[in-house]
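File shown here: structure.txt, holding compact mmCIF, C-alpha atoms.
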```
# COMPACT_ATOMS: atom_id res chain seq x y z
CA MET A 1 5.06 -15.67 -24.15
CA ALA A 2 7.21 -18.63 -23.17
CA LEU A 3 5.97 -20.74 -20.28
CA LYS A 4 8.35 -22.17 -17.72
CA LEU A 5 7.25 -25.58 -16.49
CA VAL A 6 7.85 -26.39 -12.86
CA PRO A 7 7.77 -29.99 -11.58
CA ILE A 8 5.72 -30.57 -8.44
CA TRP A 9 6.03 -33.84 -6.54
CA ALA A 10 2.83 -35.16 -5.01
CA CYS A 11 2.11 -38.13 -2.84
CA CYS A 12 -0.91 -40.19 -3.82
CA THR A 13 -2.20 -43.04 -1.68
CA ASN A 14 -5.16 -43.81 -3.93
CA GLN A 15 -4.37 -44.89 -7.50
CA GLN A 16 -7.77 -43.62 -8.68
CA HIS A 17 -6.80 -40.07 -7.75
CA CYS A 18 -3.54 -40.10 -9.70
CA CYS A 19 -3.22 -38.03 -12.85
CA THR A 20 -2.90 -39.52 -16.34
CA TYR A 21 -0.51 -37.82 -18.73
CA PRO A 22 -0.09 -38.06 -22.52
CA GLN A 23 2.78 -40.06 -23.90
CA SER A 24 4.39 -36.89 -25.24
CA LEU A 25 5.38 -35.95 -21.70
CA LYS A 26 7.41 -39.17 -21.35
CA LEU A 27 7.09 -39.34 -17.58
CA GLY A 28 8.77 -42.33 -16.01
CA TYR A 29 9.76 -43.61 -12.64
CA GLY A 30 13.24 -42.14 -12.98
CA CYS A 31 14.25 -38.50 -12.86
CA ARG A 32 17.71 -37.00 -13.12
CA LEU A 33 18.06 -34.28 -10.47
CA SER A 34 21.51 -32.75 -10.94
CA GLY A 35 24.89 -33.96 -12.17
CA SER A 36 25.02 -37.73 -11.95
CA THR A 37 22.38 -38.01 -9.21
CA PHE A 38 19.46 -40.15 -10.35
CA LEU A 39 16.27 -40.67 -8.38
CA ASN A 40 14.59 -44.04 -8.82
CA LEU A 41 10.94 -43.59 -7.95
CA ARG A 42 10.31 -47.33 -8.08
CA ALA A 43 12.03 -47.57 -4.72
CA HIS A 44 9.63 -44.97 -3.32
CA LYS A 45 6.22 -46.22 -4.39
CA LYS A 46 4.26 -43.60 -2.49
CA TRP A 47 5.54 -40.87 -4.82
CA GLU A 48 3.44 -41.74 -7.85
CA CYS A 49 2.08 -38.47 -9.20
CA LEU A 50 4.17 -35.95 -11.08
CA VAL A 51 2.40 -32.71 -12.00
CA LEU A 52 3.73 -30.12 -14.39
CA LEU A 53 2.29 -26.71 -13.84
CA SER A 54 2.97 -23.39 -15.51
CA GLU A 55 4.20 -20.59 -13.32
CA THR A 56 1.68 -18.35 -15.04
CA GLU A 57 -1.26 -20.40 -13.69
CA ARG A 58 -2.11 -18.71 -10.41
CA ALA A 59 -5.32 -18.70 -8.41
CA ILE A 60 -6.79 -15.24 -8.36
CA THR A 61 -9.74 -14.22 -6.19
CA PRO A 62 -11.47 -11.05 -7.42
CA VAL A 63 -12.01 -8.26 -4.91
CA GLU A 64 -14.03 -5.08 -4.91
CA ASP A 65 -13.11 -2.58 -7.65
CA GLU A 66 -10.50 -4.90 -9.16
CA GLN A 67 -10.34 -4.62 -12.95
CA PRO A 68 -9.69 -7.76 -15.04
CA LEU A 69 -6.59 -7.82 -17.18
CA ALA A 70 -7.09 -7.39 -20.91
CA PRO A 71 -5.47 -9.68 -23.53
CA PRO A 72 -1.81 -8.97 -24.33
CA GLY A 73 -2.67 -7.68 -27.77
CA ASP A 74 -5.15 -5.10 -26.49
CA ALA A 75 -3.97 -1.68 -27.58
CA SER A 76 -5.65 -0.02 -24.60
CA VAL A 77 -3.45 -2.00 -22.23
CA GLN A 78 -0.32 -0.93 -24.08
CA GLU A 79 -1.46 2.67 -23.95
CA THR A 80 -2.17 2.35 -20.21
CA GLN A 81 1.29 0.92 -19.60
CA ILE A 82 2.85 3.83 -21.45
CA ILE A 83 0.87 6.30 -19.36
CA GLN A 84 1.85 4.54 -16.17
CA SER A 85 5.50 4.59 -17.18
CA LYS A 86 5.31 8.37 -17.39
CA GLY A 87 4.44 8.41 -13.70
CA PHE A 88 8.13 8.07 -12.81
CA HIS A 89 10.59 10.93 -12.83
CA ARG A 90 13.36 8.74 -14.21
CA ASP A 91 13.84 6.25 -16.98
CA LEU A 92 12.45 2.93 -15.80
CA GLN A 93 15.14 1.09 -17.75
CA SER A 94 17.77 2.69 -15.53
CA LEU A 95 16.39 0.97 -12.42
CA PRO A 96 18.29 -2.08 -11.15
CA LYS A 97 16.97 -5.53 -11.95
CA PRO A 98 14.36 -7.08 -9.61
CA LEU A 99 15.89 -8.50 -6.46
CA SER A 100 15.57 -12.11 -5.38
CA ALA A 101 13.91 -13.04 -2.10
CA THR A 102 17.30 -13.92 -0.57
CA TYR A 103 18.78 -10.63 -1.73
CA LEU A 104 15.91 -8.64 -0.25
CA SER A 105 16.11 -10.29 3.15
CA SER A 106 19.74 -9.25 3.60
CA GLY A 107 18.93 -5.56 3.98
CA GLN A 108 15.54 -5.25 5.61
CA HIS A 109 16.61 -3.34 8.71
CA ASP A 110 18.49 -0.36 7.29
CA GLY A 111 17.12 -0.56 3.75
CA SER A 112 20.38 -1.60 2.11
CA ASN A 113 19.77 -2.75 -1.48
CA VAL A 114 16.06 -1.88 -1.19
CA ARG A 115 14.23 0.39 -3.62
CA VAL A 116 11.26 2.26 -2.12
CA ALA A 117 8.65 4.12 -4.17
CA TYR A 118 6.96 7.28 -2.90
CA GLN A 119 4.65 9.91 -4.33
CA GLY A 120 6.26 13.24 -5.20
CA ILE A 121 9.74 14.37 -6.12
CA PRO A 122 12.93 14.55 -4.03
CA GLY A 123 12.34 16.66 -0.94
CA ALA A 124 8.78 15.44 -0.35
CA TYR A 125 7.65 14.38 3.10
CA SER A 126 6.96 10.93 1.67
CA GLU A 127 10.63 10.63 0.78
CA ALA A 128 11.52 11.55 4.36
CA ALA A 129 9.18 8.81 5.59
CA ALA A 130 10.83 6.28 3.27
CA LEU A 131 14.27 7.25 4.57
CA LYS A 132 13.06 7.01 8.16
CA ALA A 133 11.84 3.46 7.55
CA TYR A 134 14.90 2.43 5.49
CA PRO A 135 17.78 4.88 6.04
CA LYS A 136 19.99 3.37 3.29
CA CYS A 137 17.29 2.69 0.72
CA GLU A 138 17.10 4.05 -2.81
CA PRO A 139 13.99 6.29 -2.95
CA VAL A 140 12.13 6.13 -6.29
CA PRO A 141 9.83 9.12 -6.96
CA CYS A 142 6.42 8.66 -8.61
CA ASP A 143 4.06 11.48 -9.56
CA GLN A 144 0.86 9.60 -8.60
CA PHE A 145 -0.15 7.29 -5.75
CA GLU A 146 -1.26 4.59 -8.16
CA ALA A 147 2.11 4.68 -9.93
CA ALA A 148 3.74 3.71 -6.62
CA PHE A 149 1.36 0.75 -6.23
CA LYS A 150 2.11 -0.38 -9.78
CA ALA A 151 5.85 -0.02 -9.27
CA VAL A 152 5.74 -2.60 -6.47
CA GLU A 153 3.48 -4.97 -8.39
CA LEU A 154 5.70 -4.85 -11.49
CA TRP A 155 8.90 -5.51 -9.48
CA LEU A 156 10.30 -2.08 -10.40
CA VAL A 157 10.73 -1.41 -6.68
CA ASP A 158 10.64 -3.54 -3.55
CA LYS A 159 8.32 -1.46 -1.36
CA ALA A 160 6.21 1.69 -1.36
CA VAL A 161 5.68 4.26 1.39
CA LEU A 162 2.42 6.18 1.05
CA PRO A 163 0.51 8.55 3.39
CA ILE A 164 -2.76 7.30 4.81
CA GLU A 165 -3.78 9.95 7.34
CA ASN A 166 -2.73 13.28 8.85
CA SER A 167 -3.51 14.48 12.37
CA VAL A 168 -4.80 17.81 10.99
CA ALA A 169 -6.15 17.09 7.50
CA GLY A 170 -7.56 13.63 8.22
CA SER A 171 -7.58 10.52 6.02
CA ILE A 172 -6.27 10.27 2.47
CA HIS A 173 -9.26 8.53 0.91
CA ARG A 174 -7.58 7.85 -2.42
CA ASN A 175 -5.07 5.51 -0.82
CA TYR A 176 -7.81 3.66 1.08
CA ASP A 177 -9.48 2.93 -2.26
CA LEU A 178 -6.18 1.83 -3.82
CA LEU A 179 -5.48 -0.55 -0.93
CA LEU A 180 -8.57 -2.51 -1.89
CA ARG A 181 -7.99 -2.32 -5.62
CA HIS A 182 -4.44 -3.67 -5.47
CA ARG A 183 -3.05 -6.89 -4.01
CA LEU A 184 -0.27 -5.42 -1.87
CA HIS A 185 0.24 -6.07 1.84
CA ILE A 186 0.87 -3.59 4.65
CA VAL A 187 4.17 -4.58 6.26
CA GLY A 188 4.86 -1.51 8.39
CA GLU A 189 3.94 2.04 9.30
CA VAL A 190 5.84 5.31 9.72
CA GLN A 191 4.76 8.29 11.79
CA LEU A 192 6.45 11.49 10.65
CA LEU A 193 6.37 14.85 12.41
CA VAL A 194 5.69 17.48 9.73
CA ASN A 195 7.81 20.64 9.92
CA HIS A 196 6.56 23.19 7.39
CA CYS A 197 9.14 25.81 6.42
CA LEU A 198 8.77 29.04 4.48
CA LEU A 199 11.32 28.94 1.66
CA GLY A 200 12.55 31.64 -0.70
CA LEU A 201 15.44 32.58 -2.95
CA PRO A 202 18.72 33.37 -1.16
CA GLY A 203 19.08 36.95 0.02
CA ILE A 204 15.41 37.88 0.46
CA ARG A 205 13.30 38.38 3.60
CA LYS A 206 9.88 36.88 4.22
CA GLU A 207 8.34 40.38 4.32
CA GLU A 208 9.25 40.79 0.62
CA LEU A 209 7.10 37.87 -0.48
CA LYS A 210 3.87 38.56 -2.36
CA ARG A 211 2.95 34.99 -3.31
CA VAL A 212 3.42 31.60 -1.66
CA VAL A 213 2.97 28.32 -3.51
CA SER A 214 2.46 24.87 -2.00
CA HIS A 215 0.05 21.95 -1.72
CA PRO A 216 -3.44 23.16 -0.70
CA GLN A 217 -3.35 21.23 2.58
CA ALA A 218 0.05 22.67 3.48
CA LEU A 219 -1.22 26.19 2.79
CA GLU A 220 -4.26 25.56 4.97
CA GLN A 221 -2.11 24.19 7.79
CA CYS A 222 -0.03 27.41 7.79
CA ASN A 223 -2.99 29.77 7.73
CA ILE A 224 -1.89 32.03 10.63
CA MET A 225 1.58 32.79 9.26
CA LEU A 226 0.35 33.38 5.71
CA ASN A 227 -2.40 35.75 6.92
CA GLU A 228 0.18 37.77 8.84
CA LEU A 229 2.30 38.12 5.70
CA GLY A 230 -0.75 38.99 3.57
CA VAL A 231 0.44 36.92 0.61
CA ALA A 232 -1.52 35.38 -2.24
CA ARG A 233 -1.68 31.59 -2.23
CA LEU A 234 -0.97 29.39 -5.24
CA SER A 235 -1.55 25.64 -5.39
CA SER A 236 0.90 22.96 -6.53
CA ASP A 237 0.82 19.17 -6.73
CA ASP A 238 2.91 18.76 -3.57
CA THR A 239 5.25 20.72 -1.30
CA SER A 240 8.48 19.61 -2.98
CA SER A 241 7.12 20.65 -6.40
CA ALA A 242 6.46 24.10 -4.94
CA ALA A 243 10.10 24.41 -3.88
CA GLN A 244 11.22 23.28 -7.32
CA ILE A 245 9.00 25.90 -9.00
CA VAL A 246 10.40 28.73 -6.89
CA ALA A 247 13.97 27.62 -7.58
CA SER A 248 13.48 27.16 -11.33
CA GLU A 249 11.51 30.35 -11.99
CA GLY A 250 13.75 32.54 -9.84
CA THR A 251 10.98 34.99 -8.90
CA ARG A 252 12.16 36.87 -5.82
CA ASP A 253 8.70 37.75 -4.49
CA THR A 254 7.48 34.11 -4.57
CA GLY A 255 8.02 31.70 -1.73
CA ALA A 256 7.12 28.09 -1.00
CA VAL A 257 5.91 26.06 1.95
CA ALA A 258 7.95 22.86 2.01
CA SER A 259 10.39 20.82 4.09
CA ALA A 260 13.89 21.80 5.17
CA ARG A 261 15.22 18.96 2.99
CA ALA A 262 13.55 20.53 -0.04
CA ALA A 263 15.37 23.80 0.70
CA GLU A 264 18.67 21.93 0.75
CA ILE A 265 17.97 20.06 -2.49
CA TYR A 266 16.79 23.07 -4.52
CA GLY A 267 19.16 25.68 -3.09
CA LEU A 268 16.58 27.80 -1.29
CA SER A 269 16.84 29.70 1.97
CA ILE A 270 14.71 28.88 5.01
CA LEU A 271 12.92 32.13 5.88
CA ALA A 272 10.94 30.65 8.78
CA GLU A 273 10.61 27.22 10.40
CA ARG A 274 7.67 25.42 12.01
CA ILE A 275 5.11 27.79 10.53
CA GLN A 276 2.22 25.29 10.82
CA ASP A 277 -0.69 26.34 13.04
CA ASP A 278 -0.66 23.06 14.97
CA PRO A 279 2.83 22.15 16.27
CA ASP A 280 1.80 18.47 16.60
CA ASN A 281 1.26 17.90 12.90
CA ILE A 282 1.88 14.21 12.26
CA THR A 283 1.39 12.19 9.09
CA ARG A 284 1.06 8.42 9.21
CA PHE A 285 2.47 6.43 6.29
CA LEU A 286 1.99 2.78 5.32
CA ILE A 287 4.76 0.53 4.00
CA LEU A 288 3.49 -1.76 1.24
CA ALA A 289 5.10 -4.89 -0.19
CA ARG A 290 4.23 -7.80 -2.45
CA GLU A 291 4.34 -10.37 0.34
CA PRO A 292 3.11 -10.13 3.96
CA ILE A 293 5.45 -10.45 6.91
CA ILE A 294 5.28 -13.16 9.55
CA SER A 295 3.63 -11.56 12.56
CA GLY A 296 4.71 -12.26 16.11
CA THR A 297 4.03 -11.22 19.67
CA ASP A 298 7.51 -9.98 20.59
CA ARG A 299 6.55 -6.32 20.06
CA PRO A 300 3.38 -4.21 19.67
CA TYR A 301 1.63 -5.13 16.42
CA LYS A 302 -1.22 -3.56 14.52
CA THR A 303 -3.60 -5.27 12.11
CA SER A 304 -5.56 -3.53 9.34
CA ILE A 305 -8.70 -5.07 7.85
CA VAL A 306 -11.53 -4.09 5.51
CA PHE A 307 -15.01 -5.62 5.52
CA THR A 308 -18.63 -5.13 4.50
CA LEU A 309 -21.66 -5.83 6.67
CA GLU A 310 -24.91 -7.58 5.94
CA GLU A 311 -28.11 -5.59 6.27
CA GLY A 312 -29.80 -5.45 9.65
CA PRO A 313 -30.31 -3.34 12.78
CA GLY A 314 -27.31 -3.01 15.08
CA VAL A 315 -24.97 -4.91 12.75
CA LEU A 316 -22.17 -2.34 13.05
CA PHE A 317 -22.49 -2.44 16.84
CA LYS A 318 -22.18 -6.22 16.77
CA ALA A 319 -19.17 -6.03 14.46
CA LEU A 320 -17.31 -3.67 16.77
CA ALA A 321 -18.32 -5.69 19.83
CA VAL A 322 -16.23 -8.67 18.68
CA PHE A 323 -13.13 -6.60 19.48
CA ALA A 324 -14.46 -5.08 22.71
CA LEU A 325 -15.39 -8.50 24.09
CA ARG A 326 -11.74 -9.55 23.74
CA GLU A 327 -10.30 -6.24 25.01
CA ILE A 328 -8.75 -5.38 21.63
CA ASN A 329 -8.18 -1.65 21.19
CA LEU A 330 -9.34 -0.06 17.91
CA THR A 331 -7.08 2.76 16.70
CA LYS A 332 -8.81 3.67 13.43
CA ILE A 333 -12.27 3.35 11.87
CA GLU A 334 -12.86 4.59 8.33
CA SER A 335 -15.87 4.07 6.05
CA ARG A 336 -15.86 4.35 2.26
CA PRO A 337 -18.83 3.90 -0.11
CA GLN A 338 -18.72 0.87 -2.36
CA LYS A 339 -18.26 2.10 -5.90
CA LYS A 340 -19.89 -0.89 -7.56
CA ARG A 341 -22.89 -0.90 -5.21
CA PRO A 342 -23.34 2.72 -4.12
CA LEU A 343 -27.02 2.45 -3.20
CA ARG A 344 -29.18 -0.09 -1.39
CA VAL A 345 -32.96 -0.09 -1.52
CA VAL A 346 -34.83 -1.07 1.65
CA ASP A 347 -38.60 -1.37 1.79
CA ASP A 348 -39.47 0.39 5.06
CA SER A 349 -43.13 1.09 4.32
CA ASN A 350 -45.80 0.89 1.68
CA LYS A 351 -45.23 4.54 0.73
CA GLY A 352 -41.90 4.03 -0.95
CA SER A 353 -38.34 2.81 -0.70
CA ALA A 354 -35.52 4.34 1.32
CA LYS A 355 -32.06 4.48 -0.24
CA TYR A 356 -28.88 4.02 1.74
CA PHE A 357 -25.20 3.83 0.88
CA ASP A 358 -23.40 0.49 1.08
CA TYR A 359 -20.09 0.98 2.86
CA LEU A 360 -16.71 -0.61 3.22
CA PHE A 361 -15.32 -0.39 6.74
CA TYR A 362 -11.58 -0.08 7.35
CA ILE A 363 -10.40 -0.85 10.87
CA ASP A 364 -6.98 -0.83 12.55
CA PHE A 365 -6.66 -2.67 15.85
CA GLU A 366 -3.79 -3.24 18.26
CA ALA A 367 -3.20 -6.98 18.11
CA SER A 368 -1.09 -9.40 16.13
CA MET A 369 -2.61 -12.10 13.96
CA ALA A 370 -0.44 -14.47 15.99
CA ASP A 371 -2.57 -13.53 19.00
CA PRO A 372 -5.49 -15.94 19.50
CA ARG A 373 -7.70 -13.00 20.49
CA ALA A 374 -7.36 -11.52 17.01
CA GLN A 375 -8.03 -14.87 15.36
CA TYR A 376 -11.18 -15.45 17.39
CA ALA A 377 -12.35 -11.86 16.79
CA LEU A 378 -12.12 -12.21 13.00
CA GLU A 379 -13.79 -15.59 13.13
CA HIS A 380 -16.62 -13.99 15.13
CA LEU A 381 -16.78 -11.05 12.69
CA GLN A 382 -17.49 -13.45 9.81
CA GLU A 383 -20.95 -14.03 11.28
CA PHE A 384 -21.96 -10.45 10.35
CA ALA A 385 -19.63 -9.59 7.45
CA GLY A 386 -20.27 -10.37 3.82
CA PHE A 387 -16.62 -9.77 2.94
CA ILE A 388 -13.41 -9.57 5.01
CA ARG A 389 -9.85 -8.96 3.90
CA VAL A 390 -6.77 -8.62 6.10
CA LEU A 391 -4.72 -5.81 4.57
CA GLY A 392 -1.72 -6.47 6.79
CA CYS A 393 -0.31 -7.22 10.22
CA TYR A 394 2.78 -5.16 11.04
CA PRO A 395 4.85 -3.70 13.90
CA MET A 396 3.63 -0.38 15.28
CA ASP A 397 5.81 2.70 14.88
CA THR A 398 6.18 4.18 18.36
CA ASN A 399 8.95 6.69 17.53
CA LEU A 400 8.49 10.18 16.15
```

Would you put the structure from the file into structure tokens?
Amino acid sequence: MALKLVPIWACCTNQQHCCTYPQSLKLGYGCRLSGSTFLNLRAHKKWECLVLLSETERAITPVEDEQPLAPPGDASVQETQIIQSKGFHRDLQSLPKPLSATYLSSGQHDGSNVRVAYQGIPGAYSEAAALKAYPKCEPVPCDQFEAAFKAVELWLVDKAVLPIENSVAGSIHRNYDLLLRHRLHIVGEVQLLVNHCLLGLPGIRKEELKRVVSHPQALEQCNIMLNELGVARLSSDDTSSAAQIVASEGTRDTGAVASARAAEIYGLSILAERIQDDPDNITRFLILAREPIISGTDRPYKTSIVFTLEEGPGVLFKALAVFALREINLTKIESRPQKKRPLRVVDDSNKGSAKYFDYLFYIDFEASMADPRAQYALEHLQEFAGFIRVLGCYPMDTNL
């Protein structure tokens, strides 16, 4: 692997702290910048240290559940990369080249020239969330949540939109775990109103259906309608896959629970709309990117963090009190067991040891990191927490 050397100018006021370089580097007091421009460093004596660093040398801080990278020649890594490449529904080589930072910033509002990864296939609710956030983006389907994370990290896409919780089904724990395992930043959120539709082949009525296929959660959320029809229920990976199965197999007595967009894509008829038991069925999605955004106070912001707590009575109460004392509203509290330290042994008596789970706590609160209240709250939280990580600070989505 070729290394690209990048010059870094440093100012050194103490000669003892300056770096010494081998003669092979041939560093002098003159450096040609561009064209005929020549910089004479003898006229600027304070600039006395020139450091050459490789772009591949980066400081990396390990986090919970993060796996170290294997050597390039490791066959297992190559096999893993091949498996991950199969997580996309299109040839990865057909994707456009990675965009520069300047190119990305030109289309952040409407999604122009932005590629957004989502889990599922065209017609999925995640695709609808991506298009709501970036109406002119290029959605890139992935068949697993982790494939979407990897797509952003490998510069195959610019952002990822992934579900994190549903007002009926609750939290999506897998994505909470992946947030900690990967080094992506939350840069936004999308709240999407879910409209489950009963789909079937053109020309049939819903009373003719004998089987309905969809994601297990979608089937459960449409329990009343499906019981009235008396149909058998079949599971699929997601709602859009169910629509694709019905369209490809062409079985007239099989229907699907999916979105209206899926019906349009796969040429199915909408036999019934809004068949979910709860009309206020909302899914919240997170927008992930490689770099965080600069937070402000010009609009409502939300901050997401994850932390662990030291052992002791009332520690969780004290941790939550740092926000209450500063009148910061908490919108979400989620706990997940630590996979590397699942159990903790505490000697409560001479008769034996009690075992407890060690937990990670995920919290969303309504405040920007530019707000001094949030800064003081996190500084206060460090007194009780063994580990804190800010997952992102981002504008709140107030539109459905």

Would you list the contacts of segment 364-376 of chain A as a PDB file with C-alpha atoms, in the frame of the given file, taking every protein, DNA or RNA residue within 7 Å and counting only C-alpha atoms, but skipping same-chain residues closer than 4 positions in sequence?
```
ATOM      1  CA  SER A 295       3.630 -11.560  12.560  1.00  0.00           C
ATOM      2  CA  GLY A 296       4.710 -12.260  16.110  1.00  0.00           C
ATOM      3  CA  THR A 297       4.030 -11.220  19.670  1.00  0.00           C
ATOM      4  CA  TYR A 301       1.630  -5.130  16.420  1.00  0.00           C
ATOM      5  CA  LYS A 302      -1.220  -3.560  14.520  1.00  0.00           C
ATOM      6  CA  THR A 303      -3.600  -5.270  12.110  1.00  0.00           C
ATOM      7  CA  SER A 304      -5.560  -3.530   9.340  1.00  0.00           C
ATOM      8  CA  ILE A 305      -8.700  -5.070   7.850  1.00  0.00           C
ATOM      9  CA  ARG A 326     -11.740  -9.550  23.740  1.00  0.00           C
ATOM     10  CA  ILE A 328      -8.750  -5.380  21.630  1.00  0.00           C
ATOM     11  CA  ASN A 329      -8.180  -1.650  21.190  1.00  0.00           C
ATOM     12  CA  LEU A 330      -9.340  -0.060  17.910  1.00  0.00           C
ATOM     13  CA  THR A 331      -7.080   2.760  16.700  1.00  0.00           C
ATOM     14  CA  LYS A 332      -8.810   3.670  13.430  1.00  0.00           C
ATOM     15  CA  ILE A 333     -12.270   3.350  11.870  1.00  0.00           C
ATOM     16  CA  HIS A 380     -16.620 -13.990  15.130  1.00  0.00           C
ATOM     17  CA  CYS A 393      -0.310  -7.220  10.220  1.00  0.00           C
TER      18      CYS A 393
END
```

Checklist entry - Could you pull the residues within 10 Å of Leu360 of chain A, counting only C-alpha atoms, minus those fewer than 3 positions along the same chain, as a PyMOL selection string? => result chain A and resi 64+177+180+306-309+334-339+357+363+387-388

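For the atom pair formed by atom CA of Ser167 of chain A and atom CA of Ile282 of chain A, the distance is 5.4 Å, given to one decimal.
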
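Using only C-alpha atoms for every distance, the candidate list A:Val187, A:Ile224, A:Val322, A:Ile121 yields A:Ile121 as the residue closest to Ser240 of chain A.
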
Next on the checklist: Please compute the atom CA of Tyr176 of chain A-atom CA of Ile164 of chain A distance, one decimal, in Å.
Outcome noted: 7.3 Å

Next on the checklist: What does the structure give for the distance between atom CA of Gln276 of chain A and atom CA of Arg252 of chain A, in Å to one decimal?
Outcome noted: 22.6 Å

Next on the checklist: Residues proximal to (7.3, 2.3, 6.8) were defined as those with any atom within 7 Å of that point in the file's coordinates, counting all atoms listed in the file. Which are they, as number ranges by chain?
Outcome noted: A: 129-130, 133, 161, 188-190, 285-287

Item to check | Protein and nucleic acid residues near (-24.8, -3.1, 12.3) (cut-off 12 Å, all atoms listed in the file) as a VMD selection string | outcome: chain A and resid 308 to 321 358 to 359 361 381 383 to 385
